[in-house]
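This report concerns only the one structure given below.
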Amino acid sequence: MVMLKKVCKLCERSIRQVNYKDEHLLSRFVTDRGKILPRRATGSCARHQRQIATAIKRARYLALLPYIRDYQ
Amino acid sequence: MHEYEIVYIFRSSLASEEIDGKLESFHARLTQQTGQISAVEHWGKRQLAYPIDKERNGHYVVAQFEAEPASLPEFERLLKLDEDLLRYLIVLSEGELPLPPSMRTDMRTETVRGERPAEPGPDAEPKSDTEAEPEPETEPEPGSEAEAEPEAEAEPELEPETEVESEPKPETGPESKEEKE
């Protein structure tokens, strides 16, 4: 797939503040193993990437998201 | 005074009356000292992403409150003493109300609907959004909208990779037909 100019998905949807309780939204910013995706993969803007990272870490603590997924 | 938000995760084996009783005793500690509880939201039982203290499920409760920062250490000490409270998180409130479970399901369907074109590839979404929307606007006749829309909707789903090339063609197709008519 051709990589074109990325636009921050959260800016597009005019989400001002990323909420750590919305694990469905956050799950799109982690890999299938549960690692936080870098900006170069998601195209997030700096402001939203900071919010995403904090929110994912909070969601992990609350067991809404796994620290590691499918680890045997 | 600061506005805080707290998420409690209780052992799922507790009865709802027991949880209510515990919440009351926790919140009593806050309200004793000029604190104020503004909202309490029960999410109910849900599966934990990983086991905590051998528990696979937890009962989630979200609350918003106002309190003096100095009163929190004592409040947290009380929380840590409770063995049935698997985990808690106190953060500064971002102003939003805790999401009730009903709203959460709404958001889920919304995001699913909105993100579907993005699933084949993260970069397909902005293109399909910006290209699909202007189409109805630029076409003056309501009849042409009905013709153009089904095609525009069907294509991103079937062939997300070729939509850049194929979309302009059907767009001009129905328009030119109508002009002839």
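Identifiers for the structure tokens are assigned positionally: chains receive A, B, ... in sequence, residues are indexed from 1 per chain, and ligands are indexed from 1 in the order shown.
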Problem set entry | Surrounding residues of range 48-60 of chain A excluding itself and chain neighbours under 6 positions, 10 Å, only C-alpha atoms, as a ChimeraX atom specification | /A:8-11,15-23,25-27,29-30,34-39,42,66-68 /B:48-50,89,91
For this session: Could you list the residues in chain A lying within 6 Å of chain B, using only C-alpha atoms, and format the result as JSON, numbers by chain?
Result: {"A": [63, 64, 65, 66]}
Hey, can you spit out that residue selection with C-alpha atoms as a tab-separated table (two decimals), in the first residue's frame?
```tsv
chain	number	residue	atom	x	y	z
A	63	ALA	CA	-6.38	-3.86	33.29
A	64	LEU	CA	-8.38	-2.33	30.46
A	65	LEU	CA	-5.49	-3.04	28.12
A	66	PRO	CA	-2.87	-5.77	28.52
```
For this session: Extract, using only C-alpha atoms, all DNA, RNA and protein residues at most 10 Å from Glu3 in chain B, discarding same-chain residues fewer than 2 positions from it, and format them as a ChimeraX atom specification.
Result: /B:1,5,35-38,64-69,91-95
With N, CA and C atoms retained, could you export that selection as a PDB file, in the first residue's frame?
```pdb
ATOM      1  N   MET B   1      -8.622  23.231  46.389  1.00  0.00           N
ATOM      2  CA  MET B   1      -9.497  22.128  45.954  1.00  0.00           C
ATOM      3  C   MET B   1      -9.211  21.757  44.499  1.00  0.00           C
ATOM      4  N   GLU B   5     -10.640  12.273  39.642  1.00  0.00           N
ATOM      5  CA  GLU B   5     -11.430  11.159  39.148  1.00  0.00           C
ATOM      6  C   GLU B   5     -10.761   9.898  39.688  1.00  0.00           C
ATOM      7  N   GLY B  35     -14.367  17.616  51.322  1.00  0.00           N
ATOM      8  CA  GLY B  35     -14.430  16.994  49.999  1.00  0.00           C
ATOM      9  C   GLY B  35     -15.868  16.882  49.528  1.00  0.00           C
ATOM     10  N   GLN B  36     -16.013  16.651  48.235  1.00  0.00           N
ATOM     11  CA  GLN B  36     -17.363  16.521  47.693  1.00  0.00           C
ATOM     12  C   GLN B  36     -17.367  15.502  46.556  1.00  0.00           C
ATOM     13  N   ILE B  37     -18.324  14.573  46.599  1.00  0.00           N
ATOM     14  CA  ILE B  37     -18.466  13.583  45.537  1.00  0.00           C
ATOM     15  C   ILE B  37     -19.459  14.152  44.521  1.00  0.00           C
ATOM     16  N   SER B  38     -19.033  14.225  43.264  1.00  0.00           N
ATOM     17  CA  SER B  38     -19.944  14.813  42.279  1.00  0.00           C
ATOM     18  C   SER B  38     -20.609  13.766  41.397  1.00  0.00           C
ATOM     19  N   GLN B  64     -16.190  10.819  40.500  1.00  0.00           N
ATOM     20  CA  GLN B  64     -15.538  12.123  40.427  1.00  0.00           C
ATOM     21  C   GLN B  64     -15.735  12.814  41.758  1.00  0.00           C
ATOM     22  N   PHE B  65     -14.709  13.487  42.204  1.00  0.00           N
ATOM     23  CA  PHE B  65     -14.842  14.184  43.474  1.00  0.00           C
ATOM     24  C   PHE B  65     -13.922  15.392  43.517  1.00  0.00           C
ATOM     25  N   GLU B  66     -14.248  16.274  44.456  1.00  0.00           N
ATOM     26  CA  GLU B  66     -13.419  17.446  44.710  1.00  0.00           C
ATOM     27  C   GLU B  66     -12.817  17.255  46.084  1.00  0.00           C
ATOM     28  N   ALA B  67     -11.532  17.538  46.191  1.00  0.00           N
ATOM     29  CA  ALA B  67     -10.904  17.383  47.508  1.00  0.00           C
ATOM     30  C   ALA B  67      -9.640  18.212  47.569  1.00  0.00           C
ATOM     31  N   GLU B  68      -9.192  18.441  48.794  1.00  0.00           N
ATOM     32  CA  GLU B  68      -7.912  19.104  49.004  1.00  0.00           C
ATOM     33  C   GLU B  68      -6.808  18.100  48.700  1.00  0.00           C
ATOM     34  N   PRO B  69      -5.787  18.516  47.974  1.00  0.00           N
ATOM     35  CA  PRO B  69      -4.695  17.583  47.691  1.00  0.00           C
ATOM     36  C   PRO B  69      -4.105  16.984  48.964  1.00  0.00           C
ATOM     37  N   VAL B  91      -6.758  10.221  39.316  1.00  0.00           N
ATOM     38  CA  VAL B  91      -6.137  11.170  38.389  1.00  0.00           C
ATOM     39  C   VAL B  91      -6.906  12.484  38.463  1.00  0.00           C
ATOM     40  N   LEU B  92      -6.251  13.539  38.049  1.00  0.00           N
ATOM     41  CA  LEU B  92      -6.947  14.820  37.950  1.00  0.00           C
ATOM     42  C   LEU B  92      -8.025  14.683  36.881  1.00  0.00           C
ATOM     43  N   SER B  93      -9.204  15.140  37.203  1.00  0.00           N
ATOM     44  CA  SER B  93     -10.316  14.990  36.271  1.00  0.00           C
ATOM     45  C   SER B  93     -10.097  15.880  35.061  1.00  0.00           C
ATOM     46  N   GLU B  94     -10.448  15.342  33.910  1.00  0.00           N
ATOM     47  CA  GLU B  94     -10.308  16.119  32.683  1.00  0.00           C
ATOM     48  C   GLU B  94     -11.603  16.832  32.334  1.00  0.00           C
ATOM     49  N   GLY B  95     -12.503  16.856  33.296  1.00  0.00           N
ATOM     50  CA  GLY B  95     -13.734  17.605  33.075  1.00  0.00           C
ATOM     51  C   GLY B  95     -14.867  16.782  32.530  1.00  0.00           C
TER      52      GLY B  95
END
```
Problem set entry | Point-to-point distance from CA of Glu76 in chain B to CA of Leu62 in chain A, Å rounded to tenths |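 Separation between CA of Glu76 in chain B and CA of Leu62 in chain A: 16.1 Å.
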For this session: Give me, please, the distance in Å between CA of Ala15 in chain B and CA of Val40 in chain B, quoted to one decimal.
Result: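 Spanning CA of Ala15 in chain B to CA of Val40 in chain B is a straight-line distance of 17.3 Å.
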